[in-house]
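Peer 1: File follows, my_file_9.cif with mmCIF, N, CA and C atoms:
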data_my_file
loop_
_atom_site.label_atom_id
_atom_site.label_comp_id
_atom_site.auth_asym_id
_atom_site.auth_seq_id
_atom_site.Cartn_x
_atom_site.Cartn_y
_atom_site.Cartn_z
N MET A 13 102.82 101.40 116.56
CA MET A 13 103.25 100.07 116.24
C MET A 13 103.54 99.35 117.54
N LYS A 14 103.04 98.14 117.65
CA LYS A 14 103.25 97.36 118.86
C LYS A 14 103.72 95.97 118.44
N ASN A 15 104.80 95.51 118.99
CA ASN A 15 105.37 94.20 118.63
C ASN A 15 105.60 94.06 117.13
N GLY A 16 106.01 95.15 116.49
CA GLY A 16 106.27 95.10 115.05
C GLY A 16 105.03 95.10 114.19
N ARG A 17 103.89 95.27 114.77
CA ARG A 17 102.63 95.25 114.02
C ARG A 17 101.94 96.61 114.10
N VAL A 18 101.33 97.01 113.01
CA VAL A 18 100.60 98.26 112.97
C VAL A 18 99.26 98.04 113.66
N ALA A 19 98.91 98.94 114.56
CA ALA A 19 97.65 98.82 115.27
C ALA A 19 96.96 100.17 115.30
N ASN A 20 95.63 100.13 115.38
CA ASN A 20 94.88 101.38 115.46
C ASN A 20 94.62 101.71 116.93
N SER A 21 93.80 102.72 117.17
CA SER A 21 93.56 103.18 118.54
C SER A 21 92.87 102.12 119.41
N ASN A 22 92.22 101.14 118.79
CA ASN A 22 91.60 100.05 119.55
C ASN A 22 92.58 98.91 119.79
N ASN A 23 93.84 99.15 119.46
CA ASN A 23 94.91 98.17 119.63
C ASN A 23 94.67 96.88 118.85
N ARG A 24 94.09 97.01 117.69
CA ARG A 24 93.95 95.87 116.79
C ARG A 24 94.60 96.23 115.45
N ARG A 25 94.99 95.22 114.73
CA ARG A 25 95.65 95.46 113.46
C ARG A 25 94.65 96.02 112.44
N TYR A 26 95.16 96.89 111.57
CA TYR A 26 94.33 97.42 110.50
C TYR A 26 93.95 96.29 109.55
N LYS A 27 92.77 96.44 108.91
CA LYS A 27 92.27 95.44 107.96
C LYS A 27 92.10 96.07 106.59
N VAL A 28 92.42 95.29 105.55
CA VAL A 28 92.24 95.75 104.18
C VAL A 28 91.55 94.67 103.35
N ILE A 29 90.68 95.13 102.45
CA ILE A 29 90.02 94.26 101.45
C ILE A 29 90.21 94.92 100.10
N GLU A 30 90.50 94.11 99.10
CA GLU A 30 90.59 94.63 97.73
C GLU A 30 89.38 94.16 96.92
N LEU A 31 88.90 95.08 96.06
CA LEU A 31 87.80 94.78 95.13
C LEU A 31 88.35 94.76 93.71
N PHE A 32 87.91 93.82 92.90
CA PHE A 32 88.17 93.74 91.46
C PHE A 32 89.63 93.50 91.09
N THR A 33 90.53 93.47 92.01
CA THR A 33 91.96 93.44 91.69
C THR A 33 92.39 92.12 91.07
N TRP A 34 93.45 92.19 90.29
CA TRP A 34 94.10 90.99 89.74
C TRP A 34 95.44 90.76 90.43
N SER A 35 96.09 91.82 90.82
CA SER A 35 97.47 91.70 91.31
C SER A 35 97.57 91.55 92.83
N LEU A 36 96.59 92.01 93.56
CA LEU A 36 96.62 92.04 95.03
C LEU A 36 97.83 92.79 95.56
N MET A 37 98.27 93.78 94.82
CA MET A 37 99.46 94.54 95.20
C MET A 37 99.27 95.26 96.54
N MET A 38 98.12 95.90 96.73
CA MET A 38 97.90 96.62 98.00
C MET A 38 97.85 95.65 99.17
N SER A 39 97.26 94.49 98.97
CA SER A 39 97.21 93.48 100.03
C SER A 39 98.61 93.00 100.38
N THR A 40 99.44 92.80 99.38
CA THR A 40 100.81 92.36 99.60
C THR A 40 101.59 93.38 100.42
N VAL A 41 101.47 94.64 100.04
CA VAL A 41 102.17 95.71 100.77
C VAL A 41 101.61 95.83 102.19
N ALA A 42 100.29 95.79 102.33
CA ALA A 42 99.68 95.90 103.65
C ALA A 42 100.13 94.75 104.56
N PHE A 43 100.16 93.54 104.01
CA PHE A 43 100.61 92.39 104.80
C PHE A 43 102.04 92.60 105.28
N ASP A 44 102.88 93.08 104.39
CA ASP A 44 104.28 93.33 104.76
C ASP A 44 104.41 94.39 105.86
N GLN A 45 103.40 95.26 105.97
CA GLN A 45 103.40 96.31 106.99
C GLN A 45 102.66 95.90 108.27
N GLY A 46 102.20 94.65 108.32
CA GLY A 46 101.57 94.16 109.54
C GLY A 46 100.05 94.25 109.57
N TRP A 47 99.44 94.58 108.46
CA TRP A 47 97.98 94.66 108.41
C TRP A 47 97.38 93.26 108.28
N ASP A 48 96.11 93.13 108.67
CA ASP A 48 95.33 91.92 108.39
C ASP A 48 94.77 92.06 106.98
N VAL A 49 95.11 91.12 106.13
CA VAL A 49 94.63 91.13 104.75
C VAL A 49 93.48 90.14 104.66
N LEU A 50 92.32 90.66 104.31
CA LEU A 50 91.13 89.83 104.22
C LEU A 50 90.93 89.31 102.80
N GLU A 51 90.10 88.28 102.67
CA GLU A 51 89.84 87.71 101.34
C GLU A 51 89.38 88.81 100.39
N PRO A 52 90.02 88.89 99.22
CA PRO A 52 89.60 89.91 98.26
C PRO A 52 88.25 89.56 97.65
N ILE A 53 87.56 90.57 97.20
CA ILE A 53 86.28 90.38 96.52
C ILE A 53 86.57 90.55 95.03
N THR A 54 86.93 89.44 94.42
CA THR A 54 87.36 89.45 93.03
C THR A 54 86.74 88.28 92.27
N GLU A 55 86.79 88.39 90.97
CA GLU A 55 86.32 87.30 90.13
C GLU A 55 87.12 86.02 90.41
N ARG A 56 88.42 86.17 90.60
CA ARG A 56 89.28 85.02 90.87
C ARG A 56 88.92 84.29 92.16
N SER A 57 88.40 85.02 93.14
CA SER A 57 88.03 84.38 94.40
C SER A 57 86.56 84.00 94.45
N GLY A 58 85.91 84.00 93.27
CA GLY A 58 84.55 83.45 93.17
C GLY A 58 83.41 84.46 93.20
N TRP A 59 83.71 85.73 93.15
CA TRP A 59 82.66 86.75 93.19
C TRP A 59 82.34 87.23 91.78
N ASN A 60 81.06 87.39 91.48
CA ASN A 60 80.63 88.03 90.23
C ASN A 60 79.79 89.23 90.62
N LEU A 61 80.42 90.36 90.74
CA LEU A 61 79.74 91.56 91.23
C LEU A 61 78.81 92.19 90.21
N LEU A 62 78.67 91.57 89.05
CA LEU A 62 77.64 91.99 88.11
C LEU A 62 76.27 91.46 88.57
N LYS A 63 76.30 90.47 89.45
CA LYS A 63 75.06 89.86 89.97
C LYS A 63 74.67 90.52 91.29
N LYS A 64 73.41 90.86 91.42
CA LYS A 64 72.89 91.49 92.65
C LYS A 64 73.14 90.61 93.88
N GLU A 65 72.97 89.30 93.73
CA GLU A 65 73.15 88.40 94.86
C GLU A 65 74.60 88.45 95.38
N ASP A 66 75.56 88.47 94.47
CA ASP A 66 76.95 88.56 94.91
C ASP A 66 77.25 89.93 95.51
N GLN A 67 76.63 90.96 95.00
CA GLN A 67 76.80 92.29 95.61
C GLN A 67 76.25 92.29 97.04
N ARG A 68 75.10 91.67 97.22
CA ARG A 68 74.50 91.59 98.55
C ARG A 68 75.42 90.82 99.50
N ARG A 69 75.92 89.67 99.04
CA ARG A 69 76.84 88.87 99.87
C ARG A 69 78.12 89.65 100.17
N ALA A 70 78.62 90.37 99.18
CA ALA A 70 79.85 91.15 99.38
C ALA A 70 79.63 92.23 100.44
N MET A 71 78.49 92.91 100.39
CA MET A 71 78.21 93.94 101.40
C MET A 71 78.09 93.32 102.79
N MET A 72 77.47 92.15 102.87
CA MET A 72 77.38 91.46 104.17
C MET A 72 78.78 91.11 104.69
N TYR A 73 79.64 90.66 103.81
CA TYR A 73 81.02 90.33 104.18
C TYR A 73 81.75 91.58 104.65
N ILE A 74 81.61 92.68 103.92
CA ILE A 74 82.26 93.94 104.29
C ILE A 74 81.73 94.44 105.62
N GLU A 75 80.42 94.39 105.81
CA GLU A 75 79.82 94.85 107.06
C GLU A 75 80.29 94.00 108.24
N LYS A 76 80.45 92.70 108.01
CA LYS A 76 80.91 91.80 109.08
C LYS A 76 82.38 92.06 109.42
N GLU A 77 83.21 92.20 108.41
CA GLU A 77 84.66 92.34 108.62
C GLU A 77 85.08 93.75 109.03
N ARG A 78 84.32 94.76 108.60
CA ARG A 78 84.56 96.15 108.95
C ARG A 78 86.02 96.58 108.68
N PRO A 79 86.43 96.50 107.42
CA PRO A 79 87.83 96.85 107.11
C PRO A 79 88.11 98.34 107.30
N ASP A 80 89.36 98.64 107.58
CA ASP A 80 89.79 100.03 107.70
C ASP A 80 89.99 100.65 106.33
N LEU A 81 90.37 99.82 105.36
CA LEU A 81 90.63 100.30 104.01
C LEU A 81 90.08 99.30 103.00
N ILE A 82 89.38 99.82 102.01
CA ILE A 82 88.96 99.02 100.86
C ILE A 82 89.58 99.68 99.63
N VAL A 83 90.26 98.86 98.84
CA VAL A 83 90.91 99.34 97.62
C VAL A 83 90.20 98.72 96.43
N ALA A 84 89.71 99.58 95.53
CA ALA A 84 89.02 99.10 94.33
C ALA A 84 89.89 99.38 93.11
N ALA A 85 90.14 98.33 92.34
CA ALA A 85 90.87 98.46 91.06
C ALA A 85 89.87 98.06 89.98
N TRP A 86 89.07 99.03 89.57
CA TRP A 86 87.98 98.76 88.64
C TRP A 86 88.47 98.13 87.34
N PRO A 87 87.66 97.23 86.79
CA PRO A 87 87.98 96.74 85.45
C PRO A 87 87.87 97.92 84.48
N CYS A 88 88.95 98.23 83.82
CA CYS A 88 88.97 99.45 83.00
C CYS A 88 88.82 99.18 81.51
N THR A 89 88.74 97.93 81.13
CA THR A 89 88.72 97.59 79.71
C THR A 89 87.70 98.40 78.93
N ALA A 90 86.48 98.45 79.39
CA ALA A 90 85.41 99.12 78.64
C ALA A 90 85.59 100.64 78.58
N PHE A 91 86.36 101.20 79.50
CA PHE A 91 86.49 102.65 79.56
C PHE A 91 87.87 103.17 79.14
N SER A 92 88.75 102.28 78.70
CA SER A 92 90.11 102.71 78.38
C SER A 92 90.15 103.55 77.10
N ILE A 93 91.14 104.39 77.02
CA ILE A 93 91.35 105.23 75.84
C ILE A 93 91.55 104.36 74.61
N MET A 94 92.25 103.26 74.77
CA MET A 94 92.51 102.36 73.64
C MET A 94 91.21 101.82 73.06
N GLN A 95 90.22 101.58 73.91
CA GLN A 95 88.94 101.09 73.40
C GLN A 95 88.30 102.11 72.47
N ASN A 96 88.40 103.38 72.81
CA ASN A 96 87.83 104.42 71.95
C ASN A 96 88.51 104.42 70.58
N LEU A 97 89.81 104.17 70.57
CA LEU A 97 90.57 104.18 69.32
C LEU A 97 90.29 102.95 68.45
N ASN A 98 89.96 101.84 69.09
CA ASN A 98 89.78 100.58 68.37
C ASN A 98 88.39 100.38 67.77
N GLN A 99 87.46 101.23 68.07
CA GLN A 99 86.08 101.04 67.59
C GLN A 99 85.94 101.66 66.21
N ARG A 100 85.94 100.82 65.20
CA ARG A 100 85.97 101.32 63.82
C ARG A 100 84.64 101.21 63.10
N ASN A 101 83.75 100.34 63.56
CA ASN A 101 82.46 100.19 62.87
C ASN A 101 81.33 100.22 63.88
N PRO A 102 80.11 100.36 63.41
CA PRO A 102 78.96 100.47 64.33
C PRO A 102 78.80 99.25 65.25
N GLU A 103 79.11 98.06 64.76
CA GLU A 103 78.97 96.86 65.60
C GLU A 103 79.95 96.90 66.77
N GLN A 104 81.19 97.30 66.50
CA GLN A 104 82.19 97.41 67.56
C GLN A 104 81.79 98.48 68.57
N LYS A 105 81.28 99.60 68.07
CA LYS A 105 80.85 100.68 68.97
C LYS A 105 79.69 100.23 69.85
N ALA A 106 78.74 99.50 69.25
CA ALA A 106 77.59 99.01 70.01
C ALA A 106 78.03 98.00 71.08
N LYS A 107 78.97 97.13 70.73
CA LYS A 107 79.47 96.15 71.70
C LYS A 107 80.16 96.85 72.87
N LEU A 108 80.96 97.85 72.56
CA LEU A 108 81.64 98.60 73.62
C LEU A 108 80.63 99.32 74.51
N GLU A 109 79.62 99.91 73.91
CA GLU A 109 78.59 100.60 74.70
C GLU A 109 77.88 99.62 75.64
N GLY A 110 77.63 98.41 75.16
CA GLY A 110 77.02 97.38 76.01
C GLY A 110 77.92 97.00 77.18
N GLN A 111 79.21 96.88 76.91
CA GLN A 111 80.16 96.58 77.99
C GLN A 111 80.19 97.71 79.01
N ARG A 112 80.15 98.93 78.54
CA ARG A 112 80.16 100.08 79.46
C ARG A 112 78.91 100.09 80.34
N LYS A 113 77.77 99.81 79.75
CA LYS A 113 76.52 99.76 80.55
C LYS A 113 76.63 98.68 81.61
N GLN A 114 77.16 97.53 81.22
CA GLN A 114 77.32 96.42 82.16
C GLN A 114 78.25 96.82 83.30
N HIS A 115 79.34 97.49 82.99
CA HIS A 115 80.32 97.85 84.01
C HIS A 115 79.86 99.01 84.88
N GLU A 116 78.85 99.75 84.46
CA GLU A 116 78.29 100.80 85.32
C GLU A 116 77.75 100.19 86.61
N VAL A 117 77.30 98.95 86.55
CA VAL A 117 76.83 98.24 87.75
C VAL A 117 77.97 98.16 88.77
N LEU A 118 79.17 97.90 88.28
CA LEU A 118 80.33 97.80 89.18
C LEU A 118 80.68 99.15 89.79
N LEU A 119 80.56 100.19 89.00
CA LEU A 119 80.84 101.53 89.51
C LEU A 119 79.82 101.93 90.58
N ARG A 120 78.54 101.60 90.34
CA ARG A 120 77.51 101.91 91.35
C ARG A 120 77.75 101.12 92.64
N PHE A 121 78.16 99.86 92.50
CA PHE A 121 78.47 99.06 93.69
C PHE A 121 79.65 99.67 94.44
N SER A 122 80.67 100.09 93.71
CA SER A 122 81.83 100.73 94.33
C SER A 122 81.42 101.97 95.12
N LEU A 123 80.53 102.75 94.55
CA LEU A 123 80.05 103.95 95.23
C LEU A 123 79.34 103.59 96.53
N LYS A 124 78.54 102.53 96.49
CA LYS A 124 77.85 102.06 97.70
C LYS A 124 78.87 101.66 98.78
N VAL A 125 79.91 100.95 98.37
CA VAL A 125 80.95 100.53 99.31
C VAL A 125 81.69 101.76 99.86
N ALA A 126 82.01 102.71 98.98
CA ALA A 126 82.72 103.92 99.41
C ALA A 126 81.89 104.70 100.43
N ARG A 127 80.60 104.81 100.19
CA ARG A 127 79.73 105.53 101.13
C ARG A 127 79.64 104.81 102.47
N PHE A 128 79.61 103.48 102.43
CA PHE A 128 79.61 102.70 103.67
C PHE A 128 80.87 103.01 104.49
N GLN A 129 82.01 103.01 103.82
CA GLN A 129 83.27 103.32 104.50
C GLN A 129 83.26 104.74 105.05
N GLU A 130 82.77 105.67 104.28
CA GLU A 130 82.72 107.08 104.71
C GLU A 130 81.85 107.24 105.96
N ARG A 131 80.70 106.58 105.98
CA ARG A 131 79.81 106.67 107.16
C ARG A 131 80.50 106.14 108.41
N ARG A 132 81.40 105.19 108.26
CA ARG A 132 82.11 104.60 109.38
C ARG A 132 83.39 105.34 109.72
N GLY A 133 83.71 106.37 108.94
CA GLY A 133 84.95 107.10 109.18
C GLY A 133 86.18 106.31 108.74
N LYS A 134 85.98 105.40 107.80
CA LYS A 134 87.07 104.57 107.29
C LYS A 134 87.40 104.99 105.86
N HIS A 135 88.25 104.23 105.20
CA HIS A 135 88.81 104.69 103.93
C HIS A 135 88.46 103.79 102.75
N PHE A 136 88.36 104.44 101.59
CA PHE A 136 88.12 103.78 100.31
C PHE A 136 89.06 104.41 99.30
N LEU A 137 89.81 103.57 98.62
CA LEU A 137 90.77 104.05 97.63
C LEU A 137 90.43 103.45 96.28
N GLY A 138 90.18 104.30 95.30
CA GLY A 138 89.92 103.83 93.95
C GLY A 138 91.17 103.94 93.12
N GLU A 139 91.60 102.82 92.60
CA GLU A 139 92.83 102.77 91.79
C GLU A 139 92.46 102.90 90.32
N ILE A 140 93.06 103.87 89.68
CA ILE A 140 92.80 104.11 88.26
C ILE A 140 94.06 103.79 87.48
N HIS A 141 93.90 103.00 86.47
CA HIS A 141 95.06 102.60 85.63
C HIS A 141 95.26 103.59 84.51
#
Is it possible to express this structure as structure tokens?
Peer 2:
Amino acid sequence: MKNGRVANSNNRRYKVIELFTWSLMMSTVAFDQGWDVLEPITERSGWNLLKKEDQRRAMMYIEKERPDLIVAAWPCTAFSIMQNLNQRNPEQKAKLEGQRKQHEVLLRFSLKVARFQERRGKHFLGEIH
């Protein structure tokens, strides 16, 4: 720590980006600890990661910013235990299956981001609710 700020071996502050989050809790805590908090990649900040173009732009942003930590809080609605309990008829089950297929795109994107971080010797944290 230098001048009350957390720094890495290159004497620069650590950087964090959040994916999919609604609360920005990790960014809030990181900021309080002296980290640089970068713009989150979320629906609220204008990203639709179901679209290939937004995924491409997001990867370019991540590659440019080179964060030390990326935290992903996946949308869990389609995969929650409650969803399994609420599906009572074939139409509801089919709708849920469609949502799950759609959200698999987000999981594959997350894996791509995690592998990018791993290749750089940096960190990826997946938050499960």
Peer 1: Give the helix (DSSP H, G or I) residues of chain A, as DSSP finds them on the backbone, and put them as a PyMOL selection string.
Peer 2: chain A and resi 37-44+64-77+89-91+93-98+102-131
Peer 1: Given the file shown, enumerate the residues that the PyMOL selection byres (((chain A and resi 60 and name CA) around 12) and name CA) captures and present them as JSON, numbers by chain.
Peer 2: {"A": [31, 32, 53, 54, 55, 56, 57, 58, 59, 61, 62, 63, 64, 65, 66, 67, 68, 69, 70, 115, 117, 118, 121]}
Peer 1: Apply the PyMOL selection byres (((chain A and resi 77-84 and name CA) around 7) and name CA) to the structure shown and report the selected residues as a count of residues only.
Peer 2: 20
Peer 1: For the atom pair CA of Gln114 (chain A) and atom C of Glu130 (chain A), what is the interatomic distance in Å to one decimal place?
Peer 2: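 Atom-to-atom, CA of Gln114 (chain A) to atom C of Glu130 (chain A), that is 26.5 Å.
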Peer 1: Kindly give the distance, in Å, that separates atom N of Pro102 (chain A) and atom N of Thr89 (chain A), rounded to a single decimal.
Peer 2: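 Result for atom N of Pro102 (chain A) versus atom N of Thr89 (chain A): 19.9 Å, one decimal.
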Peer 1: Could you please determine the separation between atom N of Lys124 (chain A) and atom C of Pro87 (chain A) in Å, to one decimal place?
Peer 2: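 Taking atom N of Lys124 (chain A) and atom C of Pro87 (chain A), their separation equals 15.9 Å.
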Peer 1: Given only C-alpha atoms as the basis, pick out the residue of A:Ala90, A:Gln95, A:Met38, A:Ala126 nearest to Arg112 (chain A).
Peer 2: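 Among the listed residues, A:Ala90 lies closest to Arg112 (chain A).
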Peer 1: Where atoms are absent from region 117-140 of chain A, fill them in so it carries N, CA, C and O atoms, then output it as a PDB file, in the frame of the given file.
Peer 2:
ATOM      1  N   VAL A 117      77.300  98.950  86.550  1.00  0.00           N
ATOM      2  CA  VAL A 117      76.830  98.240  87.750  1.00  0.00           C
ATOM      3  C   VAL A 117      77.970  98.160  88.770  1.00  0.00           C
ATOM      4  O   VAL A 117      77.755  98.359  89.968  1.00  0.00           O
ATOM      5  N   LEU A 118      79.170  97.900  88.280  1.00  0.00           N
ATOM      6  CA  LEU A 118      80.330  97.800  89.180  1.00  0.00           C
ATOM      7  C   LEU A 118      80.680  99.150  89.790  1.00  0.00           C
ATOM      8  O   LEU A 118      81.048  99.231  90.962  1.00  0.00           O
ATOM      9  N   LEU A 119      80.560 100.190  89.000  1.00  0.00           N
ATOM     10  CA  LEU A 119      80.840 101.530  89.510  1.00  0.00           C
ATOM     11  C   LEU A 119      79.820 101.930  90.580  1.00  0.00           C
ATOM     12  O   LEU A 119      80.183 102.512  91.612  1.00  0.00           O
ATOM     13  N   ARG A 120      78.540 101.600  90.340  1.00  0.00           N
ATOM     14  CA  ARG A 120      77.510 101.910  91.350  1.00  0.00           C
ATOM     15  C   ARG A 120      77.750 101.120  92.640  1.00  0.00           C
ATOM     16  O   ARG A 120      77.593 101.645  93.748  1.00  0.00           O
ATOM     17  N   PHE A 121      78.160  99.860  92.500  1.00  0.00           N
ATOM     18  CA  PHE A 121      78.470  99.060  93.690  1.00  0.00           C
ATOM     19  C   PHE A 121      79.650  99.670  94.440  1.00  0.00           C
ATOM     20  O   PHE A 121      79.628  99.772  95.668  1.00  0.00           O
ATOM     21  N   SER A 122      80.670 100.090  93.710  1.00  0.00           N
ATOM     22  CA  SER A 122      81.830 100.730  94.330  1.00  0.00           C
ATOM     23  C   SER A 122      81.420 101.970  95.120  1.00  0.00           C
ATOM     24  O   SER A 122      81.931 102.220  96.209  1.00  0.00           O
ATOM     25  N   LEU A 123      80.530 102.750  94.550  1.00  0.00           N
ATOM     26  CA  LEU A 123      80.050 103.950  95.230  1.00  0.00           C
ATOM     27  C   LEU A 123      79.340 103.590  96.530  1.00  0.00           C
ATOM     28  O   LEU A 123      79.528 104.234  97.567  1.00  0.00           O
ATOM     29  N   LYS A 124      78.540 102.530  96.490  1.00  0.00           N
ATOM     30  CA  LYS A 124      77.850 102.060  97.700  1.00  0.00           C
ATOM     31  C   LYS A 124      78.870 101.660  98.780  1.00  0.00           C
ATOM     32  O   LYS A 124      78.718 102.018  99.952  1.00  0.00           O
ATOM     33  N   VAL A 125      79.910 100.950  98.370  1.00  0.00           N
ATOM     34  CA  VAL A 125      80.950 100.530  99.310  1.00  0.00           C
ATOM     35  C   VAL A 125      81.690 101.760  99.860  1.00  0.00           C
ATOM     36  O   VAL A 125      81.949 101.854 101.063  1.00  0.00           O
ATOM     37  N   ALA A 126      82.010 102.710  98.980  1.00  0.00           N
ATOM     38  CA  ALA A 126      82.720 103.920  99.410  1.00  0.00           C
ATOM     39  C   ALA A 126      81.890 104.700 100.430  1.00  0.00           C
ATOM     40  O   ALA A 126      82.417 105.200 101.433  1.00  0.00           O
ATOM     41  N   ARG A 127      80.600 104.810 100.190  1.00  0.00           N
ATOM     42  CA  ARG A 127      79.730 105.530 101.130  1.00  0.00           C
ATOM     43  C   ARG A 127      79.640 104.810 102.470  1.00  0.00           C
ATOM     44  O   ARG A 127      79.576 105.442 103.522  1.00  0.00           O
ATOM     45  N   PHE A 128      79.610 103.480 102.430  1.00  0.00           N
ATOM     46  CA  PHE A 128      79.610 102.700 103.670  1.00  0.00           C
ATOM     47  C   PHE A 128      80.870 103.010 104.490  1.00  0.00           C
ATOM     48  O   PHE A 128      80.805 103.264 105.686  1.00  0.00           O
ATOM     49  N   GLN A 129      82.010 103.010 103.820  1.00  0.00           N
ATOM     50  CA  GLN A 129      83.270 103.320 104.500  1.00  0.00           C
ATOM     51  C   GLN A 129      83.260 104.740 105.050  1.00  0.00           C
ATOM     52  O   GLN A 129      83.695 104.982 106.180  1.00  0.00           O
ATOM     53  N   GLU A 130      82.770 105.670 104.280  1.00  0.00           N
ATOM     54  CA  GLU A 130      82.720 107.080 104.710  1.00  0.00           C
ATOM     55  C   GLU A 130      81.850 107.240 105.960  1.00  0.00           C
ATOM     56  O   GLU A 130      82.241 107.927 106.905  1.00  0.00           O
ATOM     57  N   ARG A 131      80.700 106.580 105.980  1.00  0.00           N
ATOM     58  CA  ARG A 131      79.810 106.670 107.160  1.00  0.00           C
ATOM     59  C   ARG A 131      80.500 106.140 108.410  1.00  0.00           C
ATOM     60  O   ARG A 131      80.220 106.600 109.511  1.00  0.00           O
ATOM     61  N   ARG A 132      81.400 105.190 108.260  1.00  0.00           N
ATOM     62  CA  ARG A 132      82.110 104.600 109.380  1.00  0.00           C
ATOM     63  C   ARG A 132      83.390 105.340 109.720  1.00  0.00           C
ATOM     64  O   ARG A 132      84.095 104.972 110.657  1.00  0.00           O
ATOM     65  N   GLY A 133      83.710 106.370 108.940  1.00  0.00           N
ATOM     66  CA  GLY A 133      84.950 107.100 109.180  1.00  0.00           C
ATOM     67  C   GLY A 133      86.180 106.310 108.740  1.00  0.00           C
ATOM     68  O   GLY A 133      87.279 106.528 109.239  1.00  0.00           O
ATOM     69  N   LYS A 134      85.980 105.400 107.800  1.00  0.00           N
ATOM     70  CA  LYS A 134      87.070 104.570 107.290  1.00  0.00           C
ATOM     71  C   LYS A 134      87.400 104.990 105.860  1.00  0.00           C
ATOM     72  O   LYS A 134      86.867 105.956 105.358  1.00  0.00           O
ATOM     73  N   HIS A 135      88.250 104.230 105.200  1.00  0.00           N
ATOM     74  CA  HIS A 135      88.810 104.690 103.930  1.00  0.00           C
ATOM     75  C   HIS A 135      88.460 103.790 102.750  1.00  0.00           C
ATOM     76  O   HIS A 135      88.350 102.573 102.894  1.00  0.00           O
ATOM     77  N   PHE A 136      88.360 104.440 101.590  1.00  0.00           N
ATOM     78  CA  PHE A 136      88.120 103.780 100.310  1.00  0.00           C
ATOM     79  C   PHE A 136      89.060 104.410  99.300  1.00  0.00           C
ATOM     80  O   PHE A 136      89.115 105.626  99.185  1.00  0.00           O
ATOM     81  N   LEU A 137      89.810 103.570  98.620  1.00  0.00           N
ATOM     82  CA  LEU A 137      90.770 104.050  97.630  1.00  0.00           C
ATOM     83  C   LEU A 137      90.430 103.450  96.280  1.00  0.00           C
ATOM     84  O   LEU A 137      90.366 102.217  96.148  1.00  0.00           O
ATOM     85  N   GLY A 138      90.180 104.300  95.300  1.00  0.00           N
ATOM     86  CA  GLY A 138      89.920 103.830  93.950  1.00  0.00           C
ATOM     87  C   GLY A 138      91.170 103.940  93.120  1.00  0.00           C
ATOM     88  O   GLY A 138      91.747 105.020  92.992  1.00  0.00           O
ATOM     89  N   GLU A 139      91.600 102.820  92.600  1.00  0.00           N
ATOM     90  CA  GLU A 139      92.830 102.770  91.790  1.00  0.00           C
ATOM     91  C   GLU A 139      92.460 102.900  90.320  1.00  0.00           C
ATOM     92  O   GLU A 139      91.650 102.152  89.798  1.00  0.00           O
ATOM     93  N   ILE A 140      93.060 103.870  89.680  1.00  0.00           N
ATOM     94  CA  ILE A 140      92.800 104.110  88.260  1.00  0.00           C
ATOM     95  C   ILE A 140      94.060 103.790  87.480  1.00  0.00           C
ATOM     96  O   ILE A 140      95.144 104.268  87.809  1.00  0.00           O
TER      97      ILE A 140
END
